[in-house]
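A.B. asks: Once you've had a glance at the structure underneath, I'll fire off some questions.
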Amino acid sequence: MAVGINDDPMMPRQFKIQRLKRDTVDTFSMELKPVSDPKEFNFLPGQFNMLYVFGVGEVPISISGDPTKPEKLVHTTRAVGNVTNAMDNLKKGQTIGVRGPLGTSWPVEKAEGNDIILVAGGIGLAPLRPVMYYLLAHRESYGKVVLLYGTRTPGDILFQKELENWRSRLDLEIHITVDRGTGSWRGNVGVVTNLIARAPFDHLNCTAMVCGPEIMMRFSALGLQKRGVDGKDIYVSMERNMKCGIGLCGHCQIGNIFVCKDGPVFRYSDIREIFTRREF
Amino acid sequence: MILAVEKKDFQSLFDALSSENYQIIGPAVDNSAMIYDEISGVDGLPVGYTDEQDGGKYRLVKSDREAYFDYVVGQHTWKRYLYPPDKKLFDLKLKGNGFEVIDNKHEIPKRAFIGMRACEIEAIRVQDMILLDGPYKDADYEKCRRNIFIVAVNCARPGGTCFCTSMGTGPKAKNGFDLAITEVFEDNDHYFLIESGTKSGENIMKNVKGREAGEKQIQAAERIMKEAEGRMGRKLETEGIKELLYRNFENPRWDEVANRCLSCGNCTLVCPTCFCVNIKDISGLEGDSAQRLRKWDSCFTLAHSYIYGGSVRTSAKSRYRQWLTHKLASWIDQFGMSGCVGCGRCITWCPVGIDITEEARAIRESERKGKVSASNEE
């Protein structure tokens, strides 16, 4: 699929904001529709787009919507910088620029037949949500499906209604933990890696997909390996500064990889040294 | 056929290019340094000049002879014409609830690059690999690139910071040119041998005044180039360099060089292969228009690796290590070739004279001496 328009991968396509939803105090979801053809936006779980706000700039944001419903493109973003804050101020009906889909995807097809374990930290649930949709659309092709999700406080939990729905299903295992159990929280307290020790899965036939802060991914991978999971069966999604998203601007390099074109999803065993090298 | 052109007829090369509507870019003098600029003919060349180059030092000085190409490379690289430092990608205008992208790509003139050195031809090959041969192309670079005519000059007098012989890129241009010139100064003879590398080179050569070069003339040129190989100011041992640098992610030498490095980014701006760019927006005062710009960037800035929460490479040490390791090691994994062509610019234009060849050597030496025993592999 073409990334940009006019044969130029740097030129954004225009998308209209159809719906806006506030997920948490600093996080929002946008439902987008292309202004001109093609009307559908096909992508693979784990891929991202460069999202452009007029006059402000462009940022790489993972797609958080349903890959089996390409008629709408959904992004979930935390407002933390210039562009994402400007994005947060956009209204329904306004236009945003999109270049993508870009990058590698979670290995949902390769993982068929396996138990699936998803480990998400904070906003890291957004790039994993397309995997959940995909798994649910092909539920019979997988073994156990486990989601372990950690946030700072109960107020930071994304997609609360969906999580409740998933939790009520017998064919999903959903475990949530928070760093600080504020308010009336009666669930788990502690880091998400604590949940790995007692998660039910067959370590010999499983695929783990991990997304969150680097330190969380590092310890999740260690926790999974402690449970006997091979490093080759663990996948992580990396984040780096990106200006182009297509391997030309040079910003997202870590050692010999470009996160934008070789990733963002990597096999943990291929890049494990990244996690132990400071300022790599 | 190799053409021998007398000094008095050398202008006919420029005339031949002009008549084919090429804009001619070549060496010129500006602020006591050699730069690449539009020139009209032989008169524009820094005739009779040579350069003195060393770590942190560049001087354009009078040469002992009236040669046309006795200097080597300056702070300019050809990438300023192929991948300009400051480039507007497109304009945007507010329109209703949305905006309009205005693709105002202008025509790029046909350009002849005169005086391109062998290392610089290799540098273009390196940039082609990144900007044309990956999964995505830079559309603008492609247009600029397809429109050039390369007149190479073989380096008879390599400079003080040159090490193209080590990198296998020079001093003689072997391919990638339309025409290649060897300037011969011998006894009281002064002439140019011109060979063509392409069909369009041959066509231009038809209109250059000269005679077929004689055996003696060809041998003289070969002798000059043979001598040039031995006159490199610097040397870099490339054997196993990728593995060497990968093994030495932790090495006290990085701290040592970081104490001298100013993180100014000069090395990246003068490097003919460095390709990092920033993409940014400038919005109009009225708020209804914007421009999207592409500007050269440098891995020596803090902003280069910034993500929410802070920069990844906060120390000068990590940024220098990234730059050097990328040039000499990870580039090989990424693009199947070294990111260094041995032009020596980063040494010359470093304000504190940090020398890539010396740093690589120091890392190698530290291993040889067994100072670094711990391997960094997990």
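Residue numbers start at 1 in each chain; chains themselves are named A, B, ... in the order of the structure tokens; ligands are numbered from 1 in the order shown.
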So which bits of range 163-254 of chain B end up helix (DSSP H, G or I) when you DSSP the backbone, as a PyMOL selection string?

C.D. replies: chain B and resi 164-167+199-205+215-229+241-247+252-254

A.B. asks: Given a cut-off of 10 Å, which residues of chain A touch chain B, counting only C-alpha atoms, written out as a PyMOL selection string?

C.D. replies: chain A and resi 3+5-16+35+52-58+80-81+91-97+239-258+261+272-273+276-280

A.B. asks: How about saving the chosen residues, C-alpha atoms kept, as a tab-separated table (two decimals), in the first residue's frame?

C.D. replies:
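Final file, out08.tsv:
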```tsv
chain	number	residue	atom	x	y	z
A	3	VAL	CA	2.51	5.29	2.28
A	5	ILE	CA	0.48	10.47	-2.01
A	6	ASN	CA	1.73	11.46	-5.50
A	7	ASP	CA	4.36	8.70	-5.34
A	8	ASP	CA	6.06	10.64	-2.57
A	9	PRO	CA	6.19	8.75	0.71
A	10	MET	CA	6.73	12.04	2.57
A	11	MET	CA	3.39	13.54	1.52
A	12	PRO	CA	0.58	12.86	4.00
A	13	ARG	CA	-2.88	11.64	3.06
A	14	GLN	CA	-5.73	13.50	4.69
A	15	PHE	CA	-8.03	11.81	7.18
A	16	LYS	CA	-11.09	13.26	8.88
A	35	VAL	CA	-10.94	12.10	2.88
A	52	TYR	CA	0.63	15.07	11.07
A	53	VAL	CA	-1.02	18.08	12.71
A	54	PHE	CA	-1.21	21.08	10.39
A	55	GLY	CA	1.48	23.64	11.11
A	56	VAL	CA	2.83	21.74	14.12
A	57	GLY	CA	4.53	18.56	12.99
A	58	GLU	CA	4.50	14.83	12.70
A	80	VAL	CA	3.00	14.47	26.09
A	81	GLY	CA	4.70	16.71	23.51
A	91	LYS	CA	-12.10	18.61	17.14
A	92	LYS	CA	-14.38	16.15	15.44
A	93	GLY	CA	-14.57	16.95	11.71
A	94	GLN	CA	-11.07	18.36	11.52
A	95	THR	CA	-8.36	16.85	9.37
A	96	ILE	CA	-5.15	15.10	10.23
A	97	GLY	CA	-2.34	13.93	7.95
A	239	GLU	CA	10.31	3.29	20.40
A	240	ARG	CA	12.81	5.84	19.09
A	241	ASN	CA	12.75	9.37	17.69
A	242	MET	CA	11.44	9.26	14.11
A	243	LYS	CA	11.19	12.04	11.58
A	244	CYS	CA	10.40	10.11	8.43
A	245	GLY	CA	9.29	6.61	9.40
A	246	ILE	CA	10.73	5.17	6.17
A	247	GLY	CA	14.42	4.65	6.91
A	248	LEU	CA	15.76	7.91	5.50
A	249	CYS	CA	16.12	10.39	8.37
A	250	GLY	CA	18.51	8.34	10.50
A	251	HIS	CA	17.00	9.19	13.88
A	252	CYS	CA	15.68	5.81	15.00
A	253	GLN	CA	18.90	3.85	14.76
A	254	ILE	CA	19.98	1.54	17.55
A	255	GLY	CA	23.23	-0.17	16.60
A	256	ASN	CA	22.68	-1.64	13.15
A	257	ILE	CA	18.88	-1.47	13.15
A	258	PHE	CA	16.43	1.16	12.04
A	261	LYS	CA	11.86	-0.14	8.86
A	272	ARG	CA	18.44	-8.37	23.50
A	273	GLU	CA	21.71	-6.43	23.78
A	276	THR	CA	21.55	-3.98	28.58
A	277	ARG	CA	23.47	-1.20	26.85
A	278	ARG	CA	23.14	2.27	28.22
A	279	GLU	CA	22.83	5.09	25.68
A	280	PHE	CA	23.08	2.65	22.75
```

A.B. asks: Of the residues B:Leu179, B:Ala33, B:Gly240, B:Ile24, which is the one nearest to Glu202 in chain B, using only C-alpha atoms?

C.D. replies: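 Result for the nearest residue to Glu202 in chain B: B:Leu179.
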
A.B. asks: Could you name the residues that touch range 121-125 of chain A at 10 Å or less, counting only C-alpha atoms, but leaving out those on the same chain fewer than 5 positions away, as a VMD selection string?

C.D. replies: chain A and resid 27 62 64 76 to 78 130 to 132 147 to 153 156 to 159 176 to 178 191 to 193 210 to 214 216 to 217 220 237

A.B. asks: Pick out the residues sitting within 10 Å of range 45-54 of chain B, and hand them over as number ranges by chain; count only C-alpha atoms, and ignore anything fewer than 3 positions along from it in its own chain.

C.D. replies: B: 26-30, 33-35, 39-42, 57-74, 114-115, 157-162, 233-234, 344-345, 347-350, 353, 355

A.B. asks: In Å, how far is it from CA of Ile204 in chain B to CA of Ala152 in chain B?

C.D. replies: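 So the two atoms, CA of Ile204 in chain B and CA of Ala152 in chain B, lie 13.8 Å apart.
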